[in-house]
>>> print(open('upload14.csv').read())   # CSV, C-alpha atoms (C1' of nucleotides)
chain,number,residue,atom,x,y,z
A,1,MET,CA,-14.2,77.9,3.9
A,2,LYS,CA,-14.9,75.6,6.9
A,3,THR,CA,-12.1,73.5,8.2
A,4,PRO,CA,-13.4,70.2,9.5
A,5,ILE,CA,-12.2,69.2,12.9
A,6,HIS,CA,-10.5,65.8,12.7
A,7,PRO,CA,-9.0,63.8,15.4
A,8,SER,CA,-5.3,64.0,15.2
A,9,LEU,CA,-3.0,62.2,12.8
A,10,LEU,CA,0.0,63.0,14.8
A,11,LEU,CA,2.0,59.9,15.7
A,12,ASP,CA,2.5,60.8,19.3
A,13,GLU,CA,-1.2,61.3,19.9
A,14,GLN,CA,-2.2,57.9,18.6
A,15,LEU,CA,-3.2,55.2,21.1
A,16,CYS,CA,-2.5,52.6,18.5
A,17,PHE,CA,1.2,53.6,18.3
A,18,ALA,CA,1.6,53.7,22.0
A,19,LEU,CA,0.2,50.2,22.1
A,20,TYR,CA,2.3,48.9,19.2
A,21,ALA,CA,5.5,50.4,20.7
A,22,ALA,CA,4.8,49.2,24.2
A,23,SER,CA,4.0,45.7,23.0
A,24,ARG,CA,7.2,45.4,21.0
A,25,ARG,CA,9.2,46.7,24.0
A,26,MET,CA,7.6,44.2,26.2
A,27,THR,CA,8.6,41.4,23.9
A,28,ALA,CA,12.1,42.8,23.7
A,29,ALA,CA,12.2,42.8,27.5
A,30,TYR,CA,11.3,39.1,27.6
A,31,ARG,CA,13.8,38.2,24.9
A,32,PRO,CA,17.0,37.9,26.9
A,33,LEU,CA,15.2,35.9,29.7
A,34,LEU,CA,13.6,33.6,27.2
A,35,GLU,CA,16.8,33.2,25.1
A,36,ALA,CA,18.3,31.4,28.1
A,37,MET,CA,15.5,28.8,27.7
A,38,ASP,CA,15.7,28.8,23.8
A,39,LEU,CA,12.2,30.1,23.5
A,40,THR,CA,10.8,33.0,21.5
A,41,TYR,CA,8.1,35.1,23.1
A,42,PRO,CA,5.1,33.5,21.2
A,43,GLN,CA,6.6,30.1,22.0
A,44,TYR,CA,6.7,31.1,25.7
A,45,LEU,CA,3.0,32.0,25.5
A,46,VAL,CA,2.2,28.5,24.1
A,47,MET,CA,4.2,27.0,26.9
A,48,LEU,CA,2.2,29.1,29.5
A,49,VAL,CA,-1.0,27.7,28.1
A,50,LEU,CA,0.2,24.1,28.1
A,51,TRP,CA,1.7,24.3,31.7
A,52,GLU,CA,-1.8,25.4,32.7
A,53,ARG,CA,-3.5,22.7,30.9
A,54,ASP,CA,-1.7,20.0,28.9
A,55,GLY,CA,-3.1,18.1,26.0
A,56,LEU,CA,-5.0,20.9,24.2
A,57,THR,CA,-5.6,20.7,20.5
A,58,VAL,CA,-4.2,23.3,18.1
A,59,ARG,CA,-7.7,24.8,17.9
A,60,GLU,CA,-7.9,25.2,21.6
A,61,LEU,CA,-4.5,26.7,21.8
A,62,GLY,CA,-5.5,29.1,19.1
A,63,ALA,CA,-8.6,30.1,20.9
A,64,ARG,CA,-6.6,30.8,24.0
A,65,LEU,CA,-3.9,32.9,22.2
A,66,GLN,CA,-6.0,34.2,19.4
A,67,LEU,CA,-3.7,32.7,16.8
A,68,ASP,CA,-4.6,30.5,13.8
A,69,SER,CA,-3.1,27.3,12.5
A,70,GLY,CA,-1.1,29.3,10.0
A,71,THR,CA,0.9,30.7,12.9
A,72,LEU,CA,0.7,27.8,15.3
A,73,THR,CA,1.5,24.9,13.1
A,74,PRO,CA,5.1,26.0,12.3
A,75,LEU,CA,5.6,27.3,15.8
A,76,LEU,CA,4.5,24.0,17.3
A,77,LYS,CA,6.7,22.1,14.9
A,78,ARG,CA,9.6,24.1,16.2
A,79,LEU,CA,8.7,23.3,19.8
A,80,GLU,CA,8.5,19.7,18.8
A,81,GLN,CA,11.9,19.9,17.1
A,82,ALA,CA,13.2,21.4,20.4
A,83,GLY,CA,11.8,18.4,22.3
A,84,LEU,CA,9.4,20.4,24.4
A,85,VAL,CA,6.1,19.1,23.0
A,86,ALA,CA,4.6,16.2,21.1
A,87,ARG,CA,2.0,16.5,18.4
A,88,ARG,CA,-0.3,13.6,17.6
A,89,ARG,CA,-3.7,13.2,15.9
A,90,ARG,CA,-6.5,12.3,18.2
A,91,GLN,CA,-7.8,8.8,17.7
A,92,SER,CA,-11.3,10.0,18.6
A,93,ASP,CA,-11.2,12.6,15.9
A,94,GLU,CA,-8.4,12.4,13.4
A,95,ARG,CA,-8.9,16.1,12.4
A,96,GLU,CA,-7.6,17.3,15.7
A,97,VAL,CA,-4.0,17.4,16.7
A,98,GLU,CA,-3.3,17.2,20.4
A,99,ILE,CA,-0.3,19.0,21.8
A,100,SER,CA,1.3,17.5,24.9
A,101,LEU,CA,4.3,18.5,27.0
A,102,THR,CA,7.3,16.2,26.9
A,103,ASP,CA,9.2,15.7,30.2
A,104,ALA,CA,11.6,18.4,29.1
A,105,GLY,CA,8.7,20.7,28.3
A,106,GLY,CA,7.2,20.1,31.7
A,107,LYS,CA,10.4,20.6,33.5
A,108,LEU,CA,11.0,24.0,31.8
A,109,HIS,CA,8.1,25.3,34.0
A,110,GLU,CA,10.4,25.5,37.0
A,111,ARG,CA,13.0,27.5,35.0
A,112,ALA,CA,10.3,29.9,33.9
A,113,ALA,CA,9.1,30.5,37.4
A,114,ASP,CA,11.3,33.5,38.0
A,115,ILE,CA,10.5,35.3,34.8
A,116,PRO,CA,7.4,37.1,35.9
A,117,ARG,CA,9.2,38.6,38.9
A,118,CYS,CA,12.1,39.7,36.7
A,119,LEU,CA,9.7,41.6,34.5
A,120,ALA,CA,7.7,43.0,37.4
A,121,ASP,CA,11.0,44.3,38.8
A,122,ARG,CA,11.6,46.1,35.6
A,123,LEU,CA,8.2,47.7,35.6
A,124,CYS,CA,8.4,49.6,38.9
A,125,MET,CA,4.7,49.5,39.2
A,126,SER,CA,2.3,48.8,42.1
A,127,VAL,CA,0.3,45.6,41.9
A,128,ASP,CA,-2.7,47.8,41.8
A,129,ALA,CA,-1.5,49.7,38.7
A,130,PHE,CA,-0.4,46.5,37.1
A,131,VAL,CA,-3.8,44.9,37.5
A,132,ARG,CA,-5.7,48.0,36.4
A,133,LEU,CA,-3.6,48.4,33.2
A,134,ARG,CA,-3.8,44.7,32.4
A,135,ASP,CA,-7.6,44.8,32.8
A,136,GLU,CA,-8.0,48.0,30.8
A,137,LEU,CA,-6.0,46.3,28.0
A,138,LYS,CA,-8.2,43.3,28.2
A,139,SER,CA,-11.4,45.4,27.9
A,140,LEU,CA,-9.8,47.3,25.0
A,141,ALA,CA,-9.1,44.1,23.2
A,142,ALA,CA,-12.7,42.9,23.9
A,143,GLN,CA,-14.0,46.2,22.5
A,144,LEU,CA,-12.0,45.8,19.4
A,145,ALA,CA,-12.9,42.2,18.8
A,146,ALA,CA,-14.7,41.9,15.5
A,147,PRO,CA,-18.4,42.3,16.0
A,148,SER,CA,-18.8,38.8,14.4
A,149,ASP,CA,-16.2,37.4,16.8
A,150,ASP,CA,-18.4,36.6,19.7
A,151,GLU,CA,-21.2,38.9,20.4
B,1,MET,CA,9.1,21.8,52.6
B,2,LYS,CA,8.6,25.4,51.8
B,3,THR,CA,6.8,26.4,48.7
B,4,PRO,CA,8.3,29.6,47.2
B,5,ILE,CA,5.8,32.3,46.3
B,6,HIS,CA,6.1,33.1,42.6
B,7,PRO,CA,4.2,35.7,40.7
B,8,SER,CA,1.8,33.8,38.5
B,9,LEU,CA,2.6,32.0,35.2
B,10,LEU,CA,-1.1,31.9,34.4
B,11,LEU,CA,-1.7,33.4,30.9
B,12,ASP,CA,-4.7,35.5,31.9
B,13,GLU,CA,-2.8,37.2,34.7
B,14,GLN,CA,0.0,38.4,32.5
B,15,LEU,CA,0.3,42.0,31.5
B,16,CYS,CA,2.5,41.0,28.6
B,17,PHE,CA,-0.2,38.9,27.1
B,18,ALA,CA,-2.9,41.5,27.5
B,19,LEU,CA,-0.6,44.0,25.8
B,20,TYR,CA,0.3,41.5,23.0
B,21,ALA,CA,-3.4,40.6,22.4
B,22,ALA,CA,-4.6,44.2,22.5
B,23,SER,CA,-1.9,45.3,20.1
B,24,ARG,CA,-2.7,42.7,17.6
B,25,ARG,CA,-6.4,43.4,17.8
B,26,MET,CA,-5.7,47.1,17.3
B,27,THR,CA,-3.8,46.4,14.2
B,28,ALA,CA,-6.6,44.1,13.0
B,29,ALA,CA,-9.1,46.9,13.6
B,30,TYR,CA,-7.0,49.2,11.3
B,31,ARG,CA,-6.6,46.6,8.6
B,32,PRO,CA,-9.9,47.0,6.8
B,33,LEU,CA,-9.6,50.8,6.9
B,34,LEU,CA,-6.0,50.8,5.6
B,35,GLU,CA,-6.7,48.1,3.0
B,36,ALA,CA,-8.9,50.7,1.2
B,37,MET,CA,-5.7,52.8,0.9
B,38,ASP,CA,-3.5,49.8,0.1
B,39,LEU,CA,-1.4,50.4,3.2
B,40,THR,CA,-0.4,47.9,5.9
B,41,TYR,CA,-0.4,49.2,9.5
B,42,PRO,CA,3.4,49.7,9.7
B,43,GLN,CA,3.3,51.5,6.4
B,44,TYR,CA,0.6,53.7,7.8
B,45,LEU,CA,2.8,54.6,10.7
B,46,VAL,CA,5.6,55.6,8.3
B,47,MET,CA,3.1,57.8,6.4
B,48,LEU,CA,2.0,59.4,9.7
B,49,VAL,CA,5.6,60.4,10.4
B,50,LEU,CA,6.2,61.7,6.9
B,51,TRP,CA,2.9,63.7,6.8
B,52,GLU,CA,4.1,65.4,10.0
B,53,ARG,CA,7.6,66.0,8.7
B,54,ASP,CA,8.7,65.2,5.1
B,55,GLY,CA,12.2,64.4,4.0
B,56,LEU,CA,13.4,62.4,7.0
B,57,THR,CA,16.2,59.9,6.7
B,58,VAL,CA,15.8,56.2,7.3
B,59,ARG,CA,17.6,56.7,10.6
B,60,GLU,CA,15.2,59.5,11.7
B,61,LEU,CA,12.2,57.5,10.7
B,62,GLY,CA,13.6,54.6,12.6
B,63,ALA,CA,14.2,56.7,15.7
B,64,ARG,CA,10.6,57.9,15.6
B,65,LEU,CA,9.1,54.4,15.1
B,66,GLN,CA,11.7,52.4,16.9
B,67,LEU,CA,12.4,50.3,13.9
B,68,ASP,CA,15.7,49.5,12.2
B,69,SER,CA,16.8,49.5,8.6
B,70,GLY,CA,16.2,45.8,8.4
B,71,THR,CA,12.5,46.5,8.8
B,72,LEU,CA,12.3,49.9,7.2
B,73,THR,CA,14.3,49.4,4.0
B,74,PRO,CA,12.0,46.7,2.5
B,75,LEU,CA,8.9,48.5,3.8
B,76,LEU,CA,10.1,51.8,2.2
B,77,LYS,CA,10.8,50.1,-1.1
B,78,ARG,CA,7.3,48.8,-1.1
B,79,LEU,CA,6.0,52.4,-0.5
B,80,GLU,CA,8.2,53.6,-3.3
B,81,GLN,CA,6.9,50.8,-5.5
B,82,ALA,CA,3.4,52.0,-4.7
B,83,GLY,CA,4.3,55.5,-5.7
B,84,LEU,CA,3.8,57.1,-2.3
B,85,VAL,CA,7.4,58.0,-1.4
B,86,ALA,CA,10.7,58.6,-3.1
B,87,ARG,CA,14.1,57.5,-1.8
B,88,ARG,CA,17.3,59.2,-2.6
B,89,ARG,CA,20.8,59.5,-1.1
B,90,ARG,CA,21.6,62.8,0.3
B,91,GLN,CA,24.3,64.7,-1.6
B,92,SER,CA,25.6,66.2,1.7
B,93,ASP,CA,26.1,62.7,3.2
B,94,GLU,CA,25.9,59.8,0.8
B,95,ARG,CA,25.3,57.4,3.7
B,96,GLU,CA,21.9,58.8,4.4
B,97,VAL,CA,18.8,58.0,2.4
B,98,GLU,CA,16.1,60.7,2.4
B,99,ILE,CA,12.5,59.7,2.2
B,100,SER,CA,10.1,62.2,0.7
B,101,LEU,CA,6.4,62.1,-0.1
B,102,THR,CA,5.3,62.0,-3.7
B,103,ASP,CA,2.2,64.0,-4.7
B,104,ALA,CA,0.2,60.8,-4.3
B,105,GLY,CA,1.7,60.2,-0.9
B,106,GLY,CA,0.9,63.7,0.2
B,107,LYS,CA,-2.6,63.5,-1.1
B,108,LEU,CA,-3.3,60.3,0.8
B,109,HIS,CA,-3.3,62.4,4.0
B,110,GLU,CA,-6.7,63.6,3.2
B,111,ARG,CA,-8.1,60.2,2.7
B,112,ALA,CA,-6.6,59.1,6.0
B,113,ALA,CA,-8.1,62.0,7.9
B,114,ASP,CA,-11.2,60.0,8.9
B,115,ILE,CA,-9.4,56.9,10.2
B,116,PRO,CA,-8.7,58.1,13.8
B,117,ARG,CA,-12.4,58.9,14.2
B,118,CYS,CA,-13.4,55.5,12.9
B,119,LEU,CA,-11.2,53.9,15.4
B,120,ALA,CA,-12.3,56.2,18.2
B,121,ASP,CA,-15.9,55.2,17.5
B,122,ARG,CA,-15.0,51.6,17.9
B,123,LEU,CA,-13.4,52.2,21.3
B,124,CYS,CA,-16.4,53.7,23.1
B,125,MET,CA,-13.9,55.5,25.4
B,126,SER,CA,-13.9,58.9,26.8
B,127,VAL,CA,-11.2,61.3,25.6
B,128,ASP,CA,-9.9,61.3,29.1
B,129,ALA,CA,-9.7,57.5,29.4
B,130,PHE,CA,-8.1,57.4,25.9
B,131,VAL,CA,-5.4,59.9,26.9
B,132,ARG,CA,-4.7,58.3,30.2
B,133,LEU,CA,-4.3,54.8,28.7
B,134,ARG,CA,-2.1,56.1,25.9
B,135,ASP,CA,0.1,57.9,28.3
B,136,GLU,CA,0.3,54.9,30.6
B,137,LEU,CA,1.5,52.8,27.7
B,138,LYS,CA,4.1,55.4,26.8
B,139,SER,CA,5.5,55.4,30.3
B,140,LEU,CA,5.4,51.6,30.3
B,141,ALA,CA,7.4,51.6,27.1
B,142,ALA,CA,9.8,54.1,28.5
B,143,GLN,CA,10.3,52.0,31.6
B,144,LEU,CA,11.0,49.0,29.5
B,145,ALA,CA,13.5,50.8,27.3
B,146,ALA,CA,16.8,49.1,27.6
B,147,PRO,CA,18.9,50.8,30.3
B,148,SER,CA,21.4,51.6,27.6
B,149,ASP,CA,18.8,53.0,25.3
B,150,ASP,CA,18.7,56.6,26.6
B,151,GLU,CA,19.0,57.1,30.3
C,1,DG,C1',-26.3,6.1,3.4
C,2,DA,C1',-24.5,9.2,-0.4
C,3,DA,C1',-23.9,14.0,-1.2
C,4,DA,C1',-23.3,18.4,0.7
C,5,DT,C1',-21.6,21.0,4.4
C,6,DT,C1',-18.7,21.9,8.2
C,7,DT,C1',-14.6,21.5,10.9
C,8,DA,C1',-9.5,21.0,11.9
C,9,DT,C1',-5.1,21.4,10.4
C,10,DA,C1',-1.7,22.3,7.1
C,11,DT,C1',0.3,24.9,3.2
C,12,DT,C1',1.6,28.9,0.5
C,13,DG,C1',2.7,33.6,-0.1
C,14,DT,C1',3.3,38.3,1.7
C,15,DT,C1',4.8,41.5,5.2
C,16,DC,C1',6.7,42.6,9.3
C,17,DA,C1',10.4,42.5,13.4
C,18,DC,C1',14.9,41.8,14.6
C,19,DA,C1',19.7,39.9,15.0
C,20,DA,C1',23.9,39.7,12.6
C,21,DT,C1',26.7,41.0,8.9
C,22,DT,C1',28.3,43.8,5.0
C,23,DA,C1',29.5,47.8,2.4
C,24,DA,C1',30.3,52.4,1.8
C,25,DA,C1',30.8,57.1,3.5
C,26,DT,C1',32.3,60.1,7.0
C,27,DT,C1',34.7,61.4,11.1
C,28,DT,C1',38.4,61.1,14.4
C,29,DG,C1',42.8,61.5,16.0
C,30,DA,C1',47.6,60.1,16.1
D,1,DT,C1',47.4,63.0,6.1
D,2,DC,C1',45.8,58.9,6.5
D,3,DA,C1',44.5,54.7,9.1
D,4,DA,C1',41.2,53.4,12.5
D,5,DA,C1',36.8,54.0,14.3
D,6,DT,C1',32.1,55.3,13.6
D,7,DT,C1',27.9,55.9,11.2
D,8,DT,C1',24.2,54.8,7.8
D,9,DA,C1',21.8,51.6,4.9
D,10,DA,C1',21.3,47.4,2.9
D,11,DT,C1',21.4,42.4,3.1
D,12,DT,C1',20.7,37.8,5.0
D,13,DG,C1',18.4,34.6,7.7
D,14,DT,C1',14.9,33.3,11.2
D,15,DG,C1',10.4,33.4,13.2
D,16,DA,C1',6.2,35.3,13.7
D,17,DA,C1',1.2,37.0,11.9
D,18,DC,C1',-2.3,36.5,8.8
D,19,DA,C1',-5.0,35.9,4.4
D,20,DA,C1',-6.2,32.5,1.2
D,21,DT,C1',-6.4,28.0,-0.2
D,22,DA,C1',-6.0,23.0,0.2
D,23,DT,C1',-6.9,18.6,2.3
D,24,DA,C1',-8.9,15.3,4.9
D,25,DA,C1',-12.0,13.9,8.4
D,26,DA,C1',-16.4,14.2,10.6
D,27,DT,C1',-21.2,15.7,10.6
D,28,DT,C1',-25.5,17.0,8.6
D,29,DT,C1',-29.0,16.8,5.3
D,30,DC,C1',-32.1,14.7,2.5
>>> encode(input="upload14.csv", output="structure tokens")
Amino acid sequence: MKTPIHPSLLLDEQLCFALYAASRRMTAAYRPLLEAMDLTYPQYLVMLVLWERDGLTVRELGARLQLDSGTLTPLLKRLEQAGLVARRRRQSDEREVEISLTDAGGKLHERAADIPRCLADRLCMSVDAFVRLRDELKSLAAQLAAPSDDE
Amino acid sequence: MKTPIHPSLLLDEQLCFALYAASRRMTAAYRPLLEAMDLTYPQYLVMLVLWERDGLTVRELGARLQLDSGTLTPLLKRLEQAGLVARRRRQSDEREVEISLTDAGGKLHERAADIPRCLADRLCMSVDAFVRLRDELKSLAAQLAAPSDDE
DNA sequence: GAAATTTATATTGTTCACAATTAAATTTGA
DNA sequence: TCAAATTTAATTGTGAACAATATAAATTTC
């Protein structure tokens, strides 16, 4: 009887689990820093996008973060409730909802400025290794993008 | 006026976002394969652990996957409902709940055997690059582990 | 320009994650 | 021995993710 050679099903050999575990730990590492600003990690990502370019639509935010309205709509309502963003339909196209920073939302940018350094300190990683890992993850994500997604 | 130099708050320069996006894409890549077995991705991880070593307690499963009972208890109840595992209190220590594979749960192992290869095919990555990335992610996760966690 | 199609957002329902709390069993130590 | 502390799961509540569907507005087609 011939035993077929299979790639391993051992947990510790899986790339997927290493990725899943690292991602959750990363989010956990941000949590105490973001808690001080009353933001969750996904909310922080939305704020990063808006600090970069204000007044995007839900669709544009979703394209940037790879999240759909099912995730973003309630999240944005919570940011609105917190007074950090405003949501309003565009007069030019009533289907679109434009998300814009409030004064409080804009000001939060300054308080966030130290977060990347805090995390970088935790990592004990050279800038070079940081950039290399980041870019490897980006190309992995691109490789995994659904064939229909773009190419 | 002196402008302080801050590490970037630009989304595309963040390691955390690359990690978050790659992890979600990976889960999405598994989804259609696991759907055929009526498993979600976290359920699949639990099955990987049990196929490796059956009869672990909830605590031991949690230690392996870095998940707590708040996540595992309902997930394991769903696996039980699906007829893949059995849950029972240990007679030696009634606090512990032992999770064991049913026949159906054990048999599913064979159907899962091809999954890693399917994913590997998607990645277009050398074994070497695969192992290097996986181990980098492991050491990243270890680095991010709460100081109190272990060391 | 009315009907069909497409697009943008919202809603509903399911399943994670995770913090905080509860409840019960076990262990510890005066 | 027995009260206090610890350990293990379960429960409760909040906030993602994401599929599927709904709704409404804009665009295309004929």
>>> closest_atom_pairs(input="upload14.csv", of="chain A", to="chain D", cutoff="8 Å", atoms="only C-alpha atoms (C1' of nucleotides)", output="CSV")
residue,atom,partner,partner_atom,distance
A:Pro42,CA,D:DA16,C1',7.8
A:Gly70,CA,D:DC18,C1',7.4
A:Thr71,CA,D:DA17,C1',6.4
A:Asp93,CA,D:DA26,C1',7.6
A:Glu94,CA,D:DA25,C1',6.3
A:Arg95,CA,D:DA25,C1',5.5
>>> interface_residues(input="upload14.csv", of="chain B", to="chain A", cutoff="6 Å", atoms="all atoms listed in the file", output="short mmCIF file (atom, residue, chain, number, x, y, z; two decimals) with C-alpha atoms, in the coordinates of the input")
data_model
loop_
_atom_site.label_atom_id
_atom_site.label_comp_id
_atom_site.auth_asym_id
_atom_site.auth_seq_id
_atom_site.Cartn_x
_atom_site.Cartn_y
_atom_site.Cartn_z
CA PRO B 7 4.20 35.70 40.70
CA LEU B 11 -1.70 33.40 30.90
CA LEU B 15 0.30 42.00 31.50
CA ALA B 18 -2.90 41.50 27.50
CA LEU B 19 -0.60 44.00 25.80
CA TYR B 20 0.30 41.50 23.00
CA ALA B 22 -4.60 44.20 22.50
CA SER B 23 -1.90 45.30 20.10
CA PRO B 116 -8.70 58.10 13.80
CA ARG B 134 -2.10 56.10 25.90
CA LEU B 137 1.50 52.80 27.70
CA LYS B 138 4.10 55.40 26.80
CA ALA B 141 7.40 51.60 27.10
#
>>> closest_residue(input="upload14.csv", among="B:Thr102, B:Thr73, B:Thr57, B:Ser126", to="chain C", atoms="all atoms listed in the file")
B:Thr73
>>> calpha_fit_and_write(input="upload14.csv", fixed="chain B", moving="chain A", output="short mmCIF file (atom, residue, chain, number, x, y, z; two decimals) with C-alpha atoms, keeping the file's coordinate frame")
data_model
loop_
_atom_site.label_atom_id
_atom_site.label_comp_id
_atom_site.auth_asym_id
_atom_site.auth_seq_id
_atom_site.Cartn_x
_atom_site.Cartn_y
_atom_site.Cartn_z
CA MET A 1 9.17 21.80 52.59
CA LYS A 2 8.70 25.53 51.81
CA THR A 3 6.86 26.46 48.69
CA PRO A 4 8.26 29.64 47.22
CA ILE A 5 5.74 32.26 46.31
CA HIS A 6 6.10 33.14 42.63
CA PRO A 7 4.22 35.61 40.65
CA SER A 8 1.79 33.87 38.45
CA LEU A 9 2.47 32.02 35.23
CA LEU A 10 -1.11 31.93 34.32
CA LEU A 11 -1.76 33.38 30.87
CA ASP A 12 -4.70 35.47 31.88
CA GLU A 13 -2.80 37.16 34.67
CA GLN A 14 0.06 38.30 32.48
CA LEU A 15 0.26 41.98 31.49
CA CYS A 16 2.46 41.03 28.61
CA PHE A 17 -0.29 38.88 27.03
CA ALA A 18 -2.91 41.49 27.51
CA LEU A 19 -0.62 43.90 25.73
CA TYR A 20 0.31 41.50 22.92
CA ALA A 21 -3.38 40.60 22.33
CA ALA A 22 -4.60 44.15 22.47
CA SER A 23 -1.91 45.34 20.10
CA ARG A 24 -2.68 42.67 17.52
CA ARG A 25 -6.42 43.50 17.79
CA MET A 26 -5.70 47.08 17.27
CA THR A 27 -3.81 46.35 14.11
CA ALA A 28 -6.59 44.08 12.96
CA ALA A 29 -9.03 46.93 13.57
CA TYR A 30 -6.99 49.24 11.33
CA ARG A 31 -6.62 46.64 8.61
CA PRO A 32 -9.89 47.02 6.74
CA LEU A 33 -9.62 50.90 6.83
CA LEU A 34 -6.06 50.80 5.64
CA GLU A 35 -6.73 48.11 2.97
CA ALA A 36 -8.88 50.71 1.19
CA MET A 37 -5.71 52.85 0.89
CA ASP A 38 -3.41 49.80 0.07
CA LEU A 39 -1.40 50.32 3.19
CA THR A 40 -0.39 47.89 5.92
CA TYR A 41 -0.43 49.13 9.49
CA PRO A 42 3.41 49.70 9.80
CA GLN A 43 3.28 51.43 6.42
CA TYR A 44 0.50 53.71 7.77
CA LEU A 45 2.74 54.59 10.73
CA VAL A 46 5.57 55.62 8.32
CA MET A 47 3.09 57.71 6.42
CA LEU A 48 1.96 59.43 9.73
CA VAL A 49 5.54 60.36 10.41
CA LEU A 50 6.19 61.70 6.92
CA TRP A 51 2.86 63.74 6.77
CA GLU A 52 4.14 65.35 9.97
CA ARG A 53 7.49 66.04 8.66
CA ASP A 54 8.62 65.15 5.12
CA GLY A 55 12.14 64.47 4.04
CA LEU A 56 13.40 62.45 7.04
CA THR A 57 16.19 59.97 6.61
CA VAL A 58 15.69 56.26 7.29
CA ARG A 59 17.55 56.76 10.58
CA GLU A 60 15.22 59.45 11.66
CA LEU A 61 12.21 57.48 10.72
CA GLY A 62 13.60 54.61 12.69
CA ALA A 63 14.15 56.72 15.71
CA ARG A 64 10.59 57.92 15.54
CA LEU A 65 9.06 54.40 15.14
CA GLN A 66 11.68 52.45 16.94
CA LEU A 67 12.37 50.30 13.91
CA ASP A 68 15.73 49.49 12.26
CA SER A 69 16.83 49.52 8.66
CA GLY A 70 16.24 45.80 8.49
CA THR A 71 12.53 46.49 8.83
CA LEU A 72 12.34 49.87 7.17
CA THR A 73 14.34 49.34 4.07
CA PRO A 74 11.99 46.72 2.52
CA LEU A 75 8.94 48.53 3.82
CA LEU A 76 10.08 51.79 2.26
CA LYS A 77 10.87 50.04 -0.99
CA ARG A 78 7.31 48.84 -1.04
CA LEU A 79 5.99 52.36 -0.46
CA GLU A 80 8.21 53.50 -3.25
CA GLN A 81 6.91 50.73 -5.52
CA ALA A 82 3.37 51.96 -4.60
CA GLY A 83 4.34 55.50 -5.68
CA LEU A 84 3.83 57.05 -2.29
CA VAL A 85 7.44 57.97 -1.47
CA ALA A 86 10.80 58.60 -3.08
CA ARG A 87 14.10 57.44 -1.70
CA ARG A 88 17.31 59.22 -2.62
CA ARG A 89 20.81 59.50 -1.10
CA ARG A 90 21.62 62.84 0.37
CA GLN A 91 24.21 64.75 -1.58
CA SER A 92 25.51 66.24 1.68
CA ASP A 93 26.08 62.83 3.12
CA GLU A 94 25.84 59.89 0.78
CA ARG A 95 25.30 57.46 3.73
CA GLU A 96 21.89 58.84 4.42
CA VAL A 97 18.81 58.10 2.43
CA GLU A 98 16.12 60.74 2.49
CA ILE A 99 12.51 59.69 2.24
CA SER A 100 10.12 62.16 0.64
CA LEU A 101 6.39 62.05 -0.10
CA THR A 102 5.38 61.93 -3.74
CA ASP A 103 2.25 63.93 -4.72
CA ALA A 104 0.24 60.76 -4.35
CA GLY A 105 1.75 60.15 -0.94
CA GLY A 106 0.88 63.65 0.14
CA LYS A 107 -2.59 63.48 -1.15
CA LEU A 108 -3.31 60.22 0.76
CA HIS A 109 -3.26 62.41 3.95
CA GLU A 110 -6.75 63.66 3.20
CA ARG A 111 -8.05 60.08 2.74
CA ALA A 112 -6.53 59.11 6.06
CA ALA A 113 -8.15 61.96 7.88
CA ASP A 114 -11.21 60.01 8.90
CA ILE A 115 -9.41 56.98 10.21
CA PRO A 116 -8.74 58.16 13.71
CA ARG A 117 -12.42 58.96 14.25
CA CYS A 118 -13.44 55.55 12.89
CA LEU A 119 -11.23 53.88 15.45
CA ALA A 120 -12.26 56.19 18.28
CA ASP A 121 -15.87 55.27 17.45
CA ARG A 122 -15.01 51.67 17.89
CA LEU A 123 -13.38 52.23 21.22
CA CYS A 124 -16.33 53.70 23.13
CA MET A 125 -14.00 55.47 25.41
CA SER A 126 -13.92 59.01 26.89
CA VAL A 127 -11.16 61.28 25.67
CA ASP A 128 -9.98 61.30 29.19
CA ALA A 129 -9.62 57.49 29.35
CA PHE A 130 -8.07 57.45 25.94
CA VAL A 131 -5.39 59.93 26.91
CA ARG A 132 -4.69 58.29 30.26
CA LEU A 133 -4.26 54.80 28.69
CA ARG A 134 -2.13 56.15 25.86
CA ASP A 135 0.12 57.94 28.38
CA GLU A 136 0.34 54.95 30.71
CA LEU A 137 1.43 52.87 27.67
CA LYS A 138 4.00 55.43 26.80
CA SER A 139 5.48 55.43 30.34
CA LEU A 140 5.44 51.61 30.28
CA ALA A 141 7.39 51.58 27.08
CA ALA A 142 9.85 54.17 28.54
CA GLN A 143 10.26 51.96 31.62
CA LEU A 144 11.01 48.99 29.52
CA ALA A 145 13.44 50.72 27.23
CA ALA A 146 16.83 49.08 27.54
CA PRO A 147 18.83 50.75 30.24
CA SER A 148 21.51 51.47 27.55
CA ASP A 149 18.84 52.96 25.28
CA ASP A 150 18.83 56.46 26.56
CA GLU A 151 19.34 56.96 30.18
#
>>> residues_around(input="upload14.csv", residues="Arg90 in chain A", least_positions_apart="6", cutoff="12 Å", atoms="all atoms listed in the file", output="PyMOL selection string")
(chain A and resi 55-58+96-100) or (chain C and resi 8) or (chain D and resi 25)
>>> closest_residue(input="upload14.csv", among="A:Asp128, A:Thr40, A:Leu101, A:Gly83", to="chain C", atoms="all atoms listed in the file")
A:Thr40
>>> atom_distance(input="upload14.csv", atom1="CA of Leu79 in chain B", atom2="CA of Glu35 in chain B")
13.9 Å
>>> interface_residues(input="upload14.csv", of="chain C", to="chain A", cutoff="12 Å", atoms="all atoms listed in the file", output="ChimeraX atom specification")
/C:7-13,17-19
>>> atom_distance(input="upload14.csv", atom1="CA of Leu75 in chain B", atom2="CA of Pro32 in chain B")
19.1 Å
>>> atom_distance(input="upload14.csv", atom1="CA of Asp103 in chain B", atom2="CA of Leu84 in chain B")
7.5 Å
